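Working notes for the structure below.
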Amino acid sequence: PGPPPCALLRKGGGRQRKGADPGPPPDPRHVVARPLLHAMPPQEQEQKEKRRPGSVLRVPSLPVKLFDWAGGDKRTQAVSVADTAARAVGSPAGADLPRLTYFNARGRAEVIRIMCAEASFHYEDYRFRPNIENECRQPASHADGERQCLCQTHGPGNDEFVEFRLSGKSVTGTVPLLEVDGLAIVQTSAICRYLANRFGMAGASDAEKAYVDVVASTLDDLYIYMVQSMQERKVGSSFYTQLWPKVANQLEKMAELYSTTQGYFVGNHLSWVDIYGFHMFTRVQEGLPTAMDRYPRLKAVVANVSQRPRVKSWLAERERREADLGNYIDWLL
């Protein structure tokens, strides 16, 4: 795939010619995940520059073209390279953006996307283009016992994913994959912890970091239980009656012991497991709307995360983003 449309400025720093042809509309797979509704205030930008002297380029504003979270609406705004550099979190203006690769699904990448939205992290949200007919291309491979079908009918994938696995980009051959700072990171929890350390969401002390890991491991258990109970791509009823109460009680107790303010799992500030919990609990509620009724602290975590302005902006836009490619995979947890 070609470069993302977020290469807003020439690497040489020159201005665009007047009346220049803006080119064809962007490929919806190459969309910069940038929350336009919550631009950094000038005061906050000034403080950021003071904290990181020399890390932000001081240049005049240039007219550039941006694309919103959903990748559908083209907007023209005057945005400075300094702002672009600050939001790129370590990537200088004009450099390649970090890229998150996954399917056109929420699944194991959605926690990462919500974290990036909350932190205003500038990255490319790349999603494999689904097969149009959504059917198996090689039905004979189902019977040989050696090859896994990669079509969307029998598993999350498509022709592009097959090519991705053969490319060796991912050490495990799986996604999500985050390419950032010269690294290629796989496994959702590893990506989340890497970003949490950069975003200040990992815990304020060693004790808090340990508690965050305890909650994260328990949420991993919850995810595994949901997957193991799935029948015909739906979470089985046994999960809601037997496994959910068991894990929910554990998580409710953790929120009581580890947090000092209701609405958080640990301490009195946002950590990445609050976002992880929000994602998992909302998926549970899709199958059982009353799932949170007996767990007020977990319910408070969901309410707290869902009302954060940048998270609200992402939640309002993501369905449009999912619809851009079509064949959205709704069953990936």
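As shown in the structure tokens, the chain order sets the letters A, B, ...; within each chain, residues go from 1, and ligands are also counted from 1 in the order they appear.
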
I'd like the contact shell of Leu270 of chain A - 12 Å cut-off, only C-alpha atoms, skipping same-chain residues fewer than 6 positions apart - returned as a count of residues only. 26

Give one line per residue of segment 212-271 of chain A that approaches segment 281-288 of chain A to at most 12 Å, naming the two atoms of the closest pair and their distance in Å to one decimal, counting only C-alpha atoms; sort by chain then ascending residue number and deliver it as a Markdown table.
| residue | atom | partner | partner_atom | distance |
| --- | --- | --- | --- | --- |
| A:Leu219 | CA | A:Phe281 | CA | 9.6 |
| A:Leu222 | CA | A:Phe281 | CA | 9.6 |
| A:Tyr223 | CA | A:Val284 | CA | 9.8 |
| A:Tyr225 | CA | A:Val284 | CA | 11.3 |
| A:Met226 | CA | A:Val284 | CA | 8.6 |
| A:Val227 | CA | A:Val284 | CA | 11.6 |
| A:Met230 | CA | A:Gly287 | CA | 11.6 |
| A:Lys234 | CA | A:Gly287 | CA | 8.7 |
| A:Val235 | CA | A:Gly287 | CA | 7.5 |
| A:Gly236 | CA | A:Gly287 | CA | 9.2 |
| A:Ser237 | CA | A:Gly287 | CA | 8.8 |
| A:Ser238 | CA | A:Gly287 | CA | 11.7 |
| A:Phe239 | CA | A:Val284 | CA | 9.6 |
| A:Tyr240 | CA | A:Leu288 | CA | 7.3 |
| A:Thr241 | CA | A:Leu288 | CA | 10.1 |
| A:Leu243 | CA | A:Val284 | CA | 11.4 |
| A:Trp244 | CA | A:Val284 | CA | 8.5 |
| A:Pro245 | CA | A:Val284 | CA | 11.3 |
| A:Val247 | CA | A:Phe281 | CA | 11.3 |
| A:Ala248 | CA | A:Phe281 | CA | 9.4 |
| A:Leu251 | CA | A:Phe281 | CA | 11.0 |

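With atom CA of Arg129 of chain A on one side and atom CA of Ile224 of chain A on the other, the separation reads 26.9 Å.
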
Secondary structure check, strand (DSSP E) residues of segment 106-311 of chain A, as an MDAnalysis selection string: chainID A and resid 123:127 177:180 183:186 230:231 234:235

Do you know which residues are at most 6 Å from segment 97-112 of chain A counting only C-alpha atoms, after dropping those on the same chain fewer than 6 positions away, and could you put them as JSON, numbers by chain? {"A": [123, 124, 125, 126, 127, 128, 175, 176, 177, 178, 179, 180, 276, 328, 329, 332, 333]}

Same residues, N, CA and C atoms, saved as an mmCIF file, in the first residue's frame:
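The file below, out-v3.cif, is the result:
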data_model
loop_
_atom_site.group_PDB
_atom_site.id
_atom_site.type_symbol
_atom_site.label_atom_id
_atom_site.label_comp_id
_atom_site.auth_asym_id
_atom_site.auth_seq_id
_atom_site.Cartn_x
_atom_site.Cartn_y
_atom_site.Cartn_z
ATOM 1 N N TYR A 123 -1.425 8.713 14.651
ATOM 2 C CA TYR A 123 -0.982 7.449 14.090
ATOM 3 C C TYR A 123 -1.863 7.084 12.908
ATOM 4 N N GLU A 124 -1.466 6.059 12.185
ATOM 5 C CA GLU A 124 -2.248 5.578 11.054
ATOM 6 C C GLU A 124 -3.027 4.337 11.454
ATOM 7 N N ASP A 125 -4.340 4.416 11.297
ATOM 8 C CA ASP A 125 -5.236 3.315 11.641
ATOM 9 C C ASP A 125 -5.455 2.485 10.379
ATOM 10 N N TYR A 126 -4.589 1.504 10.156
ATOM 11 C CA TYR A 126 -4.628 0.726 8.913
ATOM 12 C C TYR A 126 -5.431 -0.560 9.126
ATOM 13 N N ARG A 127 -6.401 -0.779 8.225
ATOM 14 C CA ARG A 127 -7.260 -1.961 8.332
ATOM 15 C C ARG A 127 -7.224 -2.728 7.016
ATOM 16 N N PHE A 128 -7.125 -4.045 7.111
ATOM 17 C CA PHE A 128 -7.102 -4.861 5.913
ATOM 18 C C PHE A 128 -8.394 -4.674 5.129
ATOM 19 N N VAL A 175 -2.135 -10.129 14.292
ATOM 20 C CA VAL A 175 -2.390 -8.715 14.544
ATOM 21 C C VAL A 175 -3.237 -8.627 15.815
ATOM 22 N N PRO A 176 -3.236 -7.465 16.477
ATOM 23 C CA PRO A 176 -2.712 -6.171 16.064
ATOM 24 C C PRO A 176 -1.188 -6.109 16.042
ATOM 25 N N LEU A 177 -0.705 -5.232 15.163
ATOM 26 C CA LEU A 177 0.718 -4.941 15.057
ATOM 27 C C LEU A 177 0.885 -3.431 15.134
ATOM 28 N N LEU A 178 1.738 -2.963 16.031
ATOM 29 C CA LEU A 178 2.058 -1.541 16.119
ATOM 30 C C LEU A 178 3.496 -1.337 15.671
ATOM 31 N N GLU A 179 3.663 -0.521 14.632
ATOM 32 C CA GLU A 179 4.996 -0.166 14.144
ATOM 33 C C GLU A 179 5.280 1.262 14.589
ATOM 34 N N VAL A 180 6.238 1.412 15.494
ATOM 35 C CA VAL A 180 6.532 2.718 16.072
ATOM 36 C C VAL A 180 7.982 2.739 16.546
ATOM 37 N N TYR A 276 -9.370 -0.681 29.070
ATOM 38 C CA TYR A 276 -9.525 -2.111 28.783
ATOM 39 C C TYR A 276 -10.837 -2.624 29.393
ATOM 40 N N TYR A 328 -17.664 -5.021 7.856
ATOM 41 C CA TYR A 328 -17.187 -4.899 9.239
ATOM 42 C C TYR A 328 -17.389 -6.224 9.970
ATOM 43 N N ILE A 329 -16.361 -6.687 10.669
ATOM 44 C CA ILE A 329 -16.423 -7.969 11.387
ATOM 45 C C ILE A 329 -16.903 -7.697 12.812
ATOM 46 N N LEU A 332 -15.675 -10.209 16.310
ATOM 47 C CA LEU A 332 -14.363 -10.250 16.971
ATOM 48 C C LEU A 332 -14.453 -9.476 18.275
ATOM 49 N N LEU A 333 -14.157 -10.138 19.399
ATOM 50 C CA LEU A 333 -14.276 -9.505 20.702
ATOM 51 C C LEU A 333 -13.093 -8.583 20.973
#

Between A:Ala255, A:Ala190, A:Leu195, A:Ile185, which one has atoms that come closest to Ala300 of chain A, using only C-alpha atoms?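 Comparing A:Ala255, A:Ala190, A:Leu195, A:Ile185 against Ala300 of chain A, the winner is A:Ala255.
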
Excluding Glu319 of chain A and residues on its chain fewer than 4 positions from it, collect all residues at most 10 Å away from it, counting only C-alpha atoms, and give them as a PyMOL selection string. chain A and resi 70+314-315+323-324+328

Store the residues picked out above, limited to C-alpha atoms, as a PDB file, in the first residue's frame.
ATOM      1  CA  ALA A  70     -13.723   8.310  10.124  1.00  0.00           C
ATOM      2  CA  TRP A 314     -13.852   8.487  18.984  1.00  0.00           C
ATOM      3  CA  LEU A 315     -16.950   6.511  19.989  1.00  0.00           C
ATOM      4  CA  ALA A 323     -18.462   1.493   7.425  1.00  0.00           C
ATOM      5  CA  ASP A 324     -15.929   3.071   5.060  1.00  0.00           C
ATOM      6  CA  TYR A 328     -17.187  -4.899   9.239  1.00  0.00           C
TER       7      TYR A 328
END

Using Å and a single decimal, report how far atom CA of Met292 of chain A sits from atom CA of Tyr211 of chain A.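 Straight-line distance from atom CA of Tyr211 of chain A to atom CA of Met292 of chain A works out to 21.9 Å.
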
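The smallest atom-to-atom distance between Val214 of chain A and any of A:Tyr295, A:Phe161, A:Phe121, A:Phe265, using only C-alpha atoms, is found for A:Phe265.
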
In Å to one decimal, how far is atom CA of Ser189 of chain A from atom CA of Ser217 of chain A?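 Taking atom CA of Ser217 of chain A as the start and atom CA of Ser189 of chain A as the end point, the length is 9.1 Å.
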
Using only C-alpha atoms, which of A:Gly173, A:Ala291, A:Asp213, A:Ser229 sits nearest Cys192 of chain A?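 Using only C-alpha atoms, the shortest distance to Cys192 of chain A belongs to A:Asp213.
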